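Reproduced below: final_12.cif, with mmCIF, C-alpha atoms and all ligand atoms.
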```cif
data_coords
#
loop_
_atom_site.label_atom_id
_atom_site.label_comp_id
_atom_site.auth_asym_id
_atom_site.auth_seq_id
_atom_site.Cartn_x
_atom_site.Cartn_y
_atom_site.Cartn_z
CA MET A 1 -31.88 -115.49 15.63
CA GLN A 2 -32.90 -116.46 12.13
CA SER A 3 -30.49 -117.38 9.36
CA LEU A 4 -30.77 -117.92 5.65
CA ARG A 5 -28.25 -118.62 2.92
CA VAL A 6 -27.79 -116.80 -0.34
CA ASP A 7 -26.49 -119.26 -2.95
CA LEU A 8 -24.84 -117.87 -6.05
CA GLY A 9 -23.20 -120.63 -8.05
CA SER A 10 -19.99 -121.60 -6.30
CA ARG A 11 -20.36 -118.85 -3.71
CA SER A 12 -22.76 -118.88 -0.86
CA TYR A 13 -23.05 -116.79 2.28
CA PRO A 14 -25.25 -116.62 5.37
CA ILE A 15 -27.50 -113.76 6.46
CA HIS A 16 -28.04 -113.78 10.22
CA ILE A 17 -30.93 -111.70 11.58
CA GLY A 18 -31.75 -110.98 15.20
CA PRO A 19 -31.18 -108.85 18.29
CA GLY A 20 -27.75 -108.50 19.88
CA LEU A 21 -25.81 -109.96 16.96
CA ILE A 22 -23.11 -107.29 17.01
CA GLY A 23 -21.99 -108.85 20.29
CA ASP A 24 -22.15 -112.43 19.00
CA LYS A 25 -18.59 -113.37 18.06
CA ASP A 26 -19.62 -116.80 16.79
CA ARG A 27 -21.46 -115.17 13.88
CA PHE A 28 -18.33 -113.27 12.85
CA ALA A 29 -15.62 -115.91 13.36
CA PRO A 30 -16.45 -118.20 10.40
CA ALA A 31 -16.66 -115.30 7.94
CA LEU A 32 -13.38 -113.58 8.78
CA ALA A 33 -10.12 -114.10 6.88
CA PRO A 34 -7.08 -115.02 9.04
CA GLY A 35 -5.58 -111.48 9.14
CA PRO A 36 -6.60 -108.15 10.71
CA VAL A 37 -9.99 -106.44 10.32
CA ALA A 38 -10.93 -102.90 9.29
CA ILE A 39 -14.35 -101.64 10.38
CA ILE A 40 -15.68 -99.03 7.98
CA SER A 41 -18.46 -96.89 9.40
CA ASP A 42 -19.94 -93.39 9.21
CA SER A 43 -20.00 -90.45 11.59
CA ASN A 44 -23.58 -91.16 12.75
CA VAL A 45 -23.30 -94.90 13.24
CA ALA A 46 -19.79 -95.07 14.71
CA PRO A 47 -20.64 -93.33 18.02
CA LEU A 48 -23.58 -95.74 18.47
CA TYR A 49 -22.26 -99.18 17.53
CA LEU A 50 -18.58 -99.14 16.63
CA GLU A 51 -17.24 -99.77 20.13
CA ALA A 52 -19.38 -102.89 20.54
CA LEU A 53 -18.31 -104.33 17.19
CA ASP A 54 -14.67 -103.47 17.84
CA LYS A 55 -14.89 -105.33 21.16
CA THR A 56 -16.43 -108.42 19.55
CA LEU A 57 -13.71 -108.58 16.90
CA ARG A 58 -10.94 -108.08 19.46
CA SER A 59 -12.39 -110.89 21.55
CA LEU A 60 -11.60 -113.08 18.54
CA GLY A 61 -7.96 -112.02 18.84
CA LYS A 62 -8.15 -109.66 15.88
CA THR A 63 -6.18 -106.49 15.27
CA VAL A 64 -8.87 -103.92 14.44
CA LEU A 65 -8.58 -100.68 12.47
CA ASN A 66 -11.47 -98.19 12.54
CA ILE A 67 -12.15 -96.05 9.48
CA ILE A 68 -14.94 -93.47 9.86
CA LEU A 69 -16.30 -91.53 6.90
CA PRO A 70 -18.66 -88.54 7.00
CA ALA A 71 -22.29 -89.75 6.99
CA GLY A 72 -24.30 -89.38 3.80
CA GLU A 73 -24.38 -90.06 0.09
CA GLY A 74 -21.62 -87.45 -0.40
CA SER A 75 -19.09 -90.01 0.83
CA LYS A 76 -19.84 -92.40 -2.02
CA THR A 77 -16.87 -91.24 -4.09
CA LEU A 78 -13.60 -92.61 -5.39
CA ALA A 79 -11.92 -90.29 -2.88
CA SER A 80 -13.34 -92.49 -0.10
CA ILE A 81 -11.89 -95.59 -1.76
CA GLN A 82 -8.54 -93.80 -1.94
CA GLU A 83 -8.86 -92.87 1.74
CA ILE A 84 -9.73 -96.43 2.83
CA THR A 85 -7.04 -98.12 0.75
CA GLY A 86 -4.52 -95.54 1.97
CA GLN A 87 -5.33 -96.36 5.59
CA LEU A 88 -5.18 -100.11 4.92
CA LEU A 89 -1.76 -99.79 3.25
CA SER A 90 -0.42 -97.55 6.01
CA ALA A 91 -1.52 -100.11 8.59
CA GLY A 92 0.20 -102.86 6.60
CA PHE A 93 -2.99 -104.80 5.85
CA GLY A 94 -2.35 -107.63 3.36
CA ARG A 95 -4.59 -109.87 1.29
CA ASP A 96 -5.57 -111.83 4.39
CA CYS A 97 -7.45 -108.90 5.93
CA SER A 98 -11.23 -108.46 6.19
CA LEU A 99 -13.31 -105.33 5.72
CA CYS A 100 -16.42 -105.02 7.83
CA ALA A 101 -19.09 -102.48 6.77
CA LEU A 102 -20.97 -101.06 9.76
CA GLY A 103 -23.70 -98.71 8.55
CA GLY A 104 -26.40 -98.15 5.97
CA GLY A 105 -26.36 -98.71 2.23
CA VAL A 106 -23.86 -95.93 1.67
CA ILE A 107 -21.22 -97.57 3.87
CA GLY A 108 -22.08 -101.03 2.49
CA ASP A 109 -21.58 -99.90 -1.09
CA ILE A 110 -18.29 -98.12 -0.34
CA ALA A 111 -16.81 -100.85 1.87
CA GLY A 112 -17.91 -103.57 -0.57
CA PHE A 113 -16.21 -101.83 -3.48
CA ALA A 114 -13.09 -101.16 -1.41
CA ALA A 115 -13.00 -104.88 -0.53
CA ALA A 116 -13.43 -105.86 -4.20
CA ALA A 117 -10.60 -103.57 -5.27
CA TYR A 118 -8.07 -103.71 -2.43
CA GLN A 119 -5.25 -105.98 -3.56
CA ARG A 120 -7.73 -107.42 -6.11
CA GLY A 121 -10.15 -108.60 -3.47
CA VAL A 122 -10.26 -109.22 0.27
CA ALA A 123 -12.90 -110.68 2.59
CA TYR A 124 -15.92 -108.49 3.18
CA LEU A 125 -18.63 -108.64 5.85
CA GLN A 126 -21.73 -106.49 6.17
CA VAL A 127 -23.26 -105.31 9.40
CA PRO A 128 -26.18 -103.28 8.01
CA THR A 129 -27.76 -100.75 10.38
CA THR A 130 -30.58 -99.32 8.26
CA LEU A 131 -33.70 -101.23 7.25
CA LEU A 132 -32.90 -100.47 3.62
CA ALA A 133 -29.41 -101.94 3.91
CA MET A 134 -30.78 -105.04 5.68
CA VAL A 135 -33.49 -105.76 3.11
CA ASP A 136 -31.96 -104.47 -0.10
CA SER A 137 -28.22 -103.89 -0.27
CA SER A 138 -27.30 -107.01 1.73
CA VAL A 139 -28.44 -109.27 -1.13
CA GLY A 140 -27.23 -109.05 -4.71
CA GLY A 141 -23.56 -108.15 -4.46
CA LYS A 142 -23.79 -104.69 -5.98
CA THR A 143 -21.05 -102.44 -4.65
CA GLY A 144 -19.73 -99.11 -5.84
CA VAL A 145 -19.47 -95.36 -5.66
CA ASN A 146 -20.89 -92.39 -7.56
CA HIS A 147 -19.26 -90.37 -10.33
CA PRO A 148 -20.10 -86.67 -10.72
CA LEU A 149 -21.83 -87.68 -13.97
CA GLY A 150 -23.91 -90.51 -12.54
CA LYS A 151 -24.95 -92.44 -9.44
CA ASN A 152 -23.38 -95.88 -8.86
CA MET A 153 -21.41 -95.53 -12.11
CA ILE A 154 -18.19 -97.06 -10.72
CA GLY A 155 -18.54 -100.43 -9.07
CA ALA A 156 -18.37 -104.19 -9.09
CA PHE A 157 -20.43 -107.24 -8.27
CA TYR A 158 -18.79 -108.58 -5.11
CA GLN A 159 -20.41 -110.86 -2.55
CA PRO A 160 -19.90 -110.55 1.21
CA ARG A 161 -18.72 -113.53 3.29
CA ALA A 162 -21.61 -112.92 5.68
CA VAL A 163 -24.33 -110.40 6.48
CA ILE A 164 -25.00 -109.90 10.18
CA ALA A 165 -28.17 -107.86 10.69
CA ASP A 166 -28.53 -106.84 14.33
CA THR A 167 -32.16 -105.74 14.67
CA ASP A 168 -31.34 -103.78 17.86
CA THR A 169 -29.55 -101.19 15.71
CA LEU A 170 -32.89 -100.21 14.16
CA ASP A 171 -33.93 -98.71 17.54
CA THR A 172 -31.97 -95.56 16.75
CA LEU A 173 -32.85 -95.27 13.07
CA PRO A 174 -34.74 -92.01 12.35
CA GLU A 175 -38.45 -92.60 11.62
CA ARG A 176 -38.26 -91.33 8.05
CA GLU A 177 -35.35 -93.64 7.23
CA PHE A 178 -37.24 -96.57 8.74
CA ARG A 179 -40.40 -95.92 6.68
CA SER A 180 -38.34 -95.42 3.58
CA GLY A 181 -36.91 -98.92 4.01
CA LEU A 182 -40.43 -100.28 4.46
CA SER A 183 -41.34 -99.24 0.96
CA GLU A 184 -38.81 -101.76 -0.46
CA VAL A 185 -40.16 -104.39 1.96
CA ILE A 186 -43.69 -103.89 0.61
CA LYS A 187 -42.21 -104.09 -2.88
CA TYR A 188 -41.04 -107.69 -2.32
CA GLY A 189 -44.53 -108.77 -1.32
CA LEU A 190 -45.92 -107.19 -4.46
CA ILE A 191 -43.33 -108.67 -6.81
CA SER A 192 -43.41 -112.28 -5.75
CA ASP A 193 -44.88 -112.97 -2.33
CA GLN A 194 -48.61 -112.57 -1.97
CA GLY A 195 -48.57 -114.26 1.45
CA PHE A 196 -46.04 -111.77 2.74
CA PHE A 197 -48.08 -108.86 1.42
CA SER A 198 -51.12 -110.14 3.35
CA TRP A 199 -48.96 -110.64 6.45
CA LEU A 200 -47.87 -106.99 6.19
CA GLU A 201 -51.50 -105.88 5.95
CA ASP A 202 -52.22 -107.76 9.19
CA HIS A 203 -49.09 -106.79 11.13
CA MET A 204 -48.24 -103.23 10.09
CA ASP A 205 -48.79 -101.99 13.67
CA ALA A 206 -46.15 -104.34 15.07
CA VAL A 207 -43.79 -103.44 12.24
CA MET A 208 -44.25 -99.70 12.83
CA ALA A 209 -43.67 -100.25 16.57
CA ARG A 210 -40.40 -101.99 15.55
CA ASP A 211 -41.31 -105.13 17.44
CA THR A 212 -38.26 -107.42 17.25
CA ALA A 213 -40.13 -110.50 16.01
CA ALA A 214 -41.91 -108.47 13.33
CA LEU A 215 -38.62 -106.90 12.23
CA MET A 216 -36.95 -110.29 12.01
CA HIS A 217 -39.81 -111.57 9.89
CA ILE A 218 -39.83 -108.70 7.39
CA ILE A 219 -36.03 -108.79 7.01
CA GLU A 220 -35.99 -112.56 6.54
CA ARG A 221 -38.84 -112.51 4.00
CA SER A 222 -37.34 -109.59 2.06
CA CYS A 223 -33.86 -111.13 1.87
CA ALA A 224 -35.29 -114.53 0.86
CA ASP A 225 -37.51 -112.99 -1.82
CA LYS A 226 -34.73 -110.83 -3.22
CA ALA A 227 -32.24 -113.72 -3.08
CA GLU A 228 -34.61 -115.88 -5.08
CA VAL A 229 -34.70 -113.34 -7.90
CA VAL A 230 -30.99 -112.53 -7.76
CA THR A 231 -29.96 -116.20 -7.70
CA ARG A 232 -31.84 -116.72 -10.93
CA ASP A 233 -30.26 -113.66 -12.56
CA GLU A 234 -27.01 -112.67 -10.83
CA GLN A 235 -25.63 -110.38 -13.54
CA GLU A 236 -28.89 -108.58 -14.34
CA GLY A 237 -29.85 -110.34 -17.58
CA GLY A 238 -33.53 -109.64 -17.37
CA LEU A 239 -35.54 -111.12 -14.52
CA ARG A 240 -33.72 -109.00 -11.95
CA ALA A 241 -35.42 -105.96 -13.47
CA ILE A 242 -38.62 -106.88 -11.60
CA LEU A 243 -36.85 -105.64 -8.46
CA ASN A 244 -37.23 -102.20 -9.99
CA LEU A 245 -40.99 -102.15 -9.47
CA GLY A 246 -41.92 -98.52 -8.78
CA HIS A 247 -38.42 -97.34 -9.67
CA THR A 248 -39.04 -95.94 -13.17
CA PHE A 249 -41.58 -93.53 -11.71
CA GLY A 250 -39.60 -93.31 -8.46
CA HIS A 251 -36.35 -92.19 -10.08
CA ALA A 252 -38.25 -89.61 -12.12
CA ILE A 253 -39.84 -88.30 -8.91
CA GLU A 254 -36.45 -88.11 -7.17
CA ALA A 255 -34.91 -86.27 -10.12
CA ALA A 256 -37.82 -83.97 -11.02
CA SER A 257 -38.39 -82.90 -7.41
CA GLY A 258 -34.68 -82.29 -6.91
CA TYR A 259 -32.57 -84.99 -5.23
CA GLY A 260 -32.91 -84.83 -1.47
CA THR A 261 -36.57 -83.72 -1.41
CA PHE A 262 -37.67 -87.34 -1.07
CA LEU A 263 -35.72 -90.22 0.38
CA HIS A 264 -35.29 -93.00 -2.18
CA GLY A 265 -37.86 -95.27 -0.52
CA GLU A 266 -40.40 -92.44 -0.33
CA ALA A 267 -40.11 -91.82 -4.07
CA VAL A 268 -40.36 -95.57 -4.65
CA ALA A 269 -43.57 -95.70 -2.57
CA ILE A 270 -45.20 -93.14 -4.86
CA GLY A 271 -43.68 -94.96 -7.84
CA ILE A 272 -45.24 -98.25 -6.73
CA ILE A 273 -48.61 -96.56 -6.31
CA MET A 274 -48.24 -95.22 -9.85
CA ALA A 275 -47.17 -98.62 -11.22
CA ALA A 276 -50.27 -100.15 -9.60
CA ASP A 277 -52.46 -97.46 -11.14
CA LEU A 278 -50.93 -98.05 -14.57
CA SER A 279 -51.40 -101.81 -14.18
CA ARG A 280 -55.08 -101.23 -13.40
CA ARG A 281 -55.49 -98.91 -16.41
CA LEU A 282 -54.07 -101.68 -18.60
CA ASP A 283 -56.50 -104.19 -17.02
CA LEU A 284 -53.72 -106.22 -15.42
CA ILE A 285 -55.02 -105.82 -11.84
CA ARG A 286 -58.40 -105.05 -10.31
CA GLU A 287 -59.32 -101.81 -8.60
CA SER A 288 -59.63 -103.66 -5.27
CA GLU A 289 -55.98 -104.76 -5.57
CA GLN A 290 -54.89 -101.23 -6.38
CA ASP A 291 -56.77 -100.03 -3.28
CA ARG A 292 -54.97 -102.56 -1.05
CA ILE A 293 -51.58 -101.37 -2.32
CA TYR A 294 -52.46 -97.74 -1.71
CA ALA A 295 -53.78 -98.52 1.77
CA LEU A 296 -50.65 -100.41 2.80
CA MET A 297 -48.32 -97.62 1.68
CA GLU A 298 -50.46 -95.11 3.53
CA GLY A 299 -50.50 -97.35 6.61
CA ALA A 300 -46.71 -97.44 6.55
CA GLY A 301 -46.70 -93.64 6.71
CA LEU A 302 -45.28 -93.29 3.23
CA PRO A 303 -46.10 -90.43 0.85
CA THR A 304 -48.67 -91.20 -1.85
CA LEU A 305 -48.51 -88.09 -4.04
CA ALA A 306 -45.74 -86.68 -6.21
CA PRO A 307 -45.12 -82.92 -6.34
CA ARG A 308 -47.31 -81.08 -8.85
CA LEU A 309 -44.98 -80.39 -11.78
CA PRO A 310 -45.54 -80.35 -15.54
CA VAL A 311 -45.97 -83.96 -16.72
CA THR A 312 -43.22 -83.34 -19.27
CA GLU A 313 -40.75 -82.94 -16.38
CA TYR A 314 -41.46 -86.46 -15.19
CA LEU A 315 -41.47 -87.90 -18.70
CA ARG A 316 -38.10 -86.35 -19.43
CA PHE A 317 -36.55 -88.08 -16.43
CA MET A 318 -38.24 -91.37 -17.21
CA GLN A 319 -36.60 -91.40 -20.61
CA VAL A 320 -33.13 -90.83 -19.24
CA ASP A 321 -33.58 -93.41 -16.50
CA LYS A 322 -30.79 -95.94 -16.95
CA LYS A 323 -33.31 -98.77 -17.03
CA ALA A 324 -34.71 -97.38 -20.29
CA GLN A 325 -33.71 -99.66 -23.16
CA GLY A 326 -33.44 -98.79 -26.82
CA GLY A 327 -35.31 -95.53 -26.36
CA GLN A 328 -38.43 -97.35 -25.13
CA VAL A 329 -39.19 -96.99 -21.44
CA ARG A 330 -39.66 -100.39 -19.84
CA PHE A 331 -42.18 -100.63 -17.04
CA ILE A 332 -42.42 -103.16 -14.29
CA LEU A 333 -46.13 -103.71 -13.82
CA LEU A 334 -48.28 -105.97 -11.69
CA ARG A 335 -50.43 -108.82 -12.91
CA GLY A 336 -51.71 -109.27 -9.39
CA ILE A 337 -50.45 -108.87 -5.84
CA GLY A 338 -47.38 -111.13 -5.80
CA GLU A 339 -46.73 -111.13 -9.55
CA ALA A 340 -44.65 -108.54 -11.41
CA VAL A 341 -44.20 -108.42 -15.17
CA ILE A 342 -41.77 -106.47 -17.38
CA THR A 343 -43.18 -104.69 -20.39
CA GLY A 344 -41.96 -102.14 -22.93
CA ASP A 345 -45.38 -101.91 -24.48
CA VAL A 346 -47.21 -99.20 -22.54
CA PRO A 347 -49.22 -96.46 -24.32
CA PRO A 348 -47.76 -93.05 -23.38
CA ALA A 349 -51.30 -91.71 -22.86
CA ALA A 350 -51.84 -94.17 -20.00
CA VAL A 351 -48.54 -93.13 -18.37
CA ILE A 352 -49.60 -89.49 -18.54
CA GLN A 353 -53.00 -90.29 -17.00
CA THR A 354 -51.28 -92.10 -14.14
CA LEU A 355 -48.87 -89.23 -13.50
CA ASN A 356 -51.75 -86.75 -13.44
CA ALA A 357 -53.72 -88.93 -11.04
CA PHE A 358 -51.03 -88.90 -8.33
CA MET A 359 -49.77 -85.35 -8.06
P1 LIG A 401 -27.40 -94.28 4.52
O1 LIG A 401 -26.37 -95.32 4.54
O2 LIG A 401 -27.00 -92.92 4.12
O3 LIG A 401 -28.14 -94.23 5.94
C1 LIG A 401 -29.15 -93.30 6.14
C2 LIG A 401 -28.85 -92.39 7.33
O4 LIG A 401 -29.06 -93.10 8.55
C3 LIG A 401 -27.41 -91.91 7.40
O5 LIG A 401 -27.39 -90.59 7.89
C4 LIG A 401 -26.77 -92.84 8.43
O6 LIG A 401 -25.65 -92.25 9.07
C5 LIG A 401 -27.90 -93.05 9.37
N1 LIG A 401 -27.91 -94.31 10.10
C6 LIG A 401 -27.59 -95.53 9.62
N2 LIG A 401 -27.86 -96.47 10.51
C7 LIG A 401 -28.33 -95.84 11.62
C8 LIG A 401 -28.80 -96.29 12.87
N3 LIG A 401 -28.88 -97.60 13.15
N4 LIG A 401 -29.20 -95.39 13.77
C9 LIG A 401 -29.17 -94.07 13.47
N5 LIG A 401 -28.77 -93.57 12.28
C10 LIG A 401 -28.36 -94.47 11.36
O7 LIG A 401 -28.60 -94.69 3.53
P2 LIG A 401 -29.37 -96.04 3.23
O8 LIG A 401 -30.77 -95.62 2.97
O9 LIG A 401 -29.11 -97.10 4.22
O10 LIG A 401 -28.70 -96.51 1.87
C11 LIG A 401 -28.78 -95.74 0.70
C12 LIG A 401 -27.65 -96.12 -0.20
O11 LIG A 401 -27.73 -97.51 -0.45
C13 LIG A 401 -27.65 -95.43 -1.54
O12 LIG A 401 -26.36 -94.95 -1.82
C14 LIG A 401 -28.03 -96.53 -2.51
O13 LIG A 401 -27.45 -96.35 -3.79
C15 LIG A 401 -27.50 -97.74 -1.82
N6 LIG A 401 -28.19 -98.99 -2.18
C16 LIG A 401 -27.44 -100.04 -2.57
C17 LIG A 401 -28.05 -101.23 -2.91
C18 LIG A 401 -27.23 -102.40 -3.33
O14 LIG A 401 -27.79 -103.40 -3.79
N7 LIG A 401 -25.93 -102.34 -3.17
C19 LIG A 401 -29.44 -101.35 -2.82
C20 LIG A 401 -30.17 -100.26 -2.40
C21 LIG A 401 -29.54 -99.08 -2.08
ZN ZN A 402 -34.80 -98.99 -4.44
#
```

Rewrite the structure from the file as structure tokens, please.
Amino acid sequence: MQSLRVDLGSRSYPIHIGPGLIGDKDRFAPALAPGPVAIISDSNVAPLYLEALDKTLRSLGKTVLNIILPAGEGSKTLASIQEITGQLLSAGFGRDCSLCALGGGVIGDIAGFAAAAYQRGVAYLQVPTTLLAMVDSSVGGKTGVNHPLGKNMIGAFYQPRAVIADTDTLDTLPEREFRSGLSEVIKYGLISDQGFFSWLEDHMDAVMARDTAALMHIIERSCADKAEVVTRDEQEGGLRAILNLGHTFGHAIEAASGYGTFLHGEAVAIGIIMAADLSRRLDLIRESEQDRIYALMEGAGLPTLAPRLPVTEYLRFMQVDKKAQGGQVRFILLRGIGEAVITGDVPPAAVIQTLNAFM
């Protein structure tokens, strides 16, 4: 097992990473509040891992309530919060209870927001079961649900008491979901960790084979790199925007192609390739660096081309992207492998050339 701590001012929590952790009661005990525990999971994950987690928590003498939501983004609604809080109230759960998210980013976001809101805040633990949830949503404290008018529009910053990432759960993750998570992993190397990017170039075979040691390494590096950025900018003042490398293009690709065509990480992979191309056009990186980025995405089995649509379609969605500020689209670009920069000063002609080059 590997552990790291995320330190955010007065609050700090551990992230434990390794095989078999769902069965390791000693990881859970220090993070739980004195009262009962509700496990919140989804209809895909519950049949696989809920029994084991339930058993671990009961071995600690806990009363355990299981709440299972339908799998998928469609559950990220206020109705789910109403459902969870209704079940907690019916079971007589008080402020001393703990909520434990067992699932991917969808369950993490819902359970985290339910924990932030229930009786003005109860203890919250994350047991992420997708690569994306392990490397992205387990650091940063963003929780929330969607509104019909916008994704993640209702939420709160709320930190978990602990994140317990059992790498064995990744055995059952569908291949596409796994690769999609890898795109965010590669992103951390590009933003701030040149050594990690090189490591990924050398070990992509082991990663793709889901070798336990390789998985532990990529999760640890990703969480540490993200934590470093988030710690310096917890409430999203500015620096945290570098985590959106590839996301301005990526969100436009998700929207223009119709949500659901690409998984988020797939769209981000193409977005990162586009951001690298734009950086090279603006003489920020060399062609050889751009080639390495392209090769690594391809090696991770990620898509490298966006659907052929009128450029105006993409531009339209880039303008409405919520990261756009004051009408000017801000881009996260690369000044090298391992160094991201934020700029609002990008000639539209260069953006159009980049879009045309990758569809
Ligand atoms: P997800 O939670 O929908 O999981 C993807 C699919 O895999 C689901 O069908 C799920 O049931 C299934 N699954 C999960 N674990 C499995 C396992 N071990 N074996 C087999 N199947 C498994 O999606 P996700 O990609 O994990 O997360 C996406 C969500 O995360 C989005 O809603 C996004 O907004 C959110 N997110 C939040 C943050 C944050 O900082 N809070 C960061 C990134 C993404
Ligand atoms: Zn992302």

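Comparing the minimum interatomic distances between ligand ZN 402 (chain A) and each of A:Leu132, A:Leu69, A:Val64, A:Ala241, counting only C-alpha atoms and all ligand atoms, we find that A:Leu132 sits nearest.
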
Please, which residues have at least one atom within 8 Å of an atom of ligand LIG 401 (chain A), using all atoms listed in the file, listed as a ChimeraX atom specification?
-> /A:42-45,48,71-73,76,103-109,128-133,136-145,151-152,169-174,177,180-181,263-265

Determine, counting all atoms listed in the file, which protein, DNA and RNA residues have an atom within 9 Å of an atom of A:Pro34; residues of the same chain fewer than 3 positions away are not included. Present the result as a PyMOL selection string.
-> chain A and resi 62+96-98

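Atom CA of A:Leu182 is positioned 24.7 Å from atom CA of A:Asp7.
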
How big is the axis-aligned box around the listed atoms of stretch 120-136 of chain A once 4 Å is added on each side, and where is its centre? Give both in Å to one decimal, as lines of an AutoDock Vina configuration file.
```
center_x = -20.7
center_y = -105.0
center_z = 2.1
size_x = 34.0
size_y = 19.4
size_z = 24.5
```

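Nearest residue to A:Ala117, choosing from A:Cys223, A:Leu4, A:Ile81, A:Ile332 and counting all atoms listed in the file: A:Ile81.
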
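Distances to ligand ZN 402 (chain A) were evaluated for A:Glu254, A:Glu83, A:Asp168, A:Asp205 using only C-alpha atoms and all ligand atoms, and the minimum falls at A:Glu254.
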
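Candidate residues A:Ser183, A:Ser288, A:Ser80, A:Gln319 were compared for distance to ligand ZN 402 (chain A), and the nearest is A:Ser183, using all atoms listed in the file.
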
So which residues fall inside 8 Å of (-28.8, -118.1, 13.9) if we count all atoms listed in the file? Mind giving them as a ChimeraX atom specification?
-> /A:1-3,16-18,27

Those residues with C-alpha atoms, as a PDB file, in the coordinates of the input please?
```
ATOM      1  CA  MET A   1     -31.880-115.490  15.630  1.00  0.00           C
ATOM      2  CA  GLN A   2     -32.900-116.460  12.130  1.00  0.00           C
ATOM      3  CA  SER A   3     -30.490-117.380   9.360  1.00  0.00           C
ATOM      4  CA  HIS A  16     -28.040-113.780  10.220  1.00  0.00           C
ATOM      5  CA  ILE A  17     -30.930-111.700  11.580  1.00  0.00           C
ATOM      6  CA  GLY A  18     -31.750-110.980  15.200  1.00  0.00           C
ATOM      7  CA  ARG A  27     -21.460-115.170  13.880  1.00  0.00           C
TER       8      ARG A  27
END
```

Using all atoms listed in the file, which residue out of A:Glu266, A:Asp24, A:Asp193, A:Glu220 lies closest to ligand ZN 402 (chain A)?
-> A:Glu266

For A:Met204: contacts at 12 Å, all atoms listed in the file, fewer than 6 positions along chain excluded, given as an MDAnalysis selection string = chainID A and resid 179 182 185:186 196:198 210:211 214:215 217:218 295:301

Cut-off 12 Å around (-10.3, -106.4, -3.4) with only C-alpha atoms: residues as a ChimeraX atom specification | /A:81,84-85,88,93-99,110-124,143,155-160

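When only C-alpha atoms are used to compute distances to A:Tyr314, the closest of the residues A:Lys55, A:His251, A:Arg11, A:Arg232 turns out to be A:His251.
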
N, CA and C atoms are what I want for stretch 48-60 of chain A; can you complete it accordingly and write them as a compact mmCIF listing (two decimals), in the frame of the given file?
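As written to disk, rebuild.txt reads:
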```
# COMPACT_ATOMS: atom_id res chain seq x y z
N LEU A 48 -22.54 -94.87 17.90
CA LEU A 48 -23.58 -95.74 18.47
C LEU A 48 -23.13 -97.20 18.60
N TYR A 49 -22.47 -97.73 17.58
CA TYR A 49 -22.26 -99.18 17.53
C TYR A 49 -20.82 -99.63 17.29
N LEU A 50 -19.92 -98.70 17.01
CA LEU A 50 -18.58 -99.14 16.63
C LEU A 50 -17.83 -99.79 17.78
N GLU A 51 -17.97 -99.23 18.98
CA GLU A 51 -17.24 -99.77 20.13
C GLU A 51 -17.62 -101.23 20.38
N ALA A 52 -18.91 -101.51 20.28
CA ALA A 52 -19.38 -102.89 20.54
C ALA A 52 -18.82 -103.86 19.50
N LEU A 53 -18.82 -103.44 18.24
CA LEU A 53 -18.31 -104.33 17.19
C LEU A 53 -16.80 -104.52 17.33
N ASP A 54 -16.13 -103.42 17.63
CA ASP A 54 -14.67 -103.47 17.84
C ASP A 54 -14.34 -104.48 18.94
N LYS A 55 -15.12 -104.43 20.02
CA LYS A 55 -14.89 -105.33 21.16
C LYS A 55 -15.11 -106.80 20.76
N THR A 56 -16.15 -107.05 20.00
CA THR A 56 -16.43 -108.42 19.55
C THR A 56 -15.27 -108.96 18.72
N LEU A 57 -14.78 -108.12 17.80
CA LEU A 57 -13.71 -108.58 16.90
C LEU A 57 -12.41 -108.78 17.68
N ARG A 58 -12.16 -107.90 18.65
CA ARG A 58 -10.94 -108.08 19.46
C ARG A 58 -11.02 -109.33 20.31
N SER A 59 -12.24 -109.67 20.74
CA SER A 59 -12.39 -110.89 21.55
C SER A 59 -12.05 -112.13 20.73
N LEU A 60 -12.01 -111.97 19.41
CA LEU A 60 -11.60 -113.08 18.54
C LEU A 60 -10.09 -113.02 18.26
```
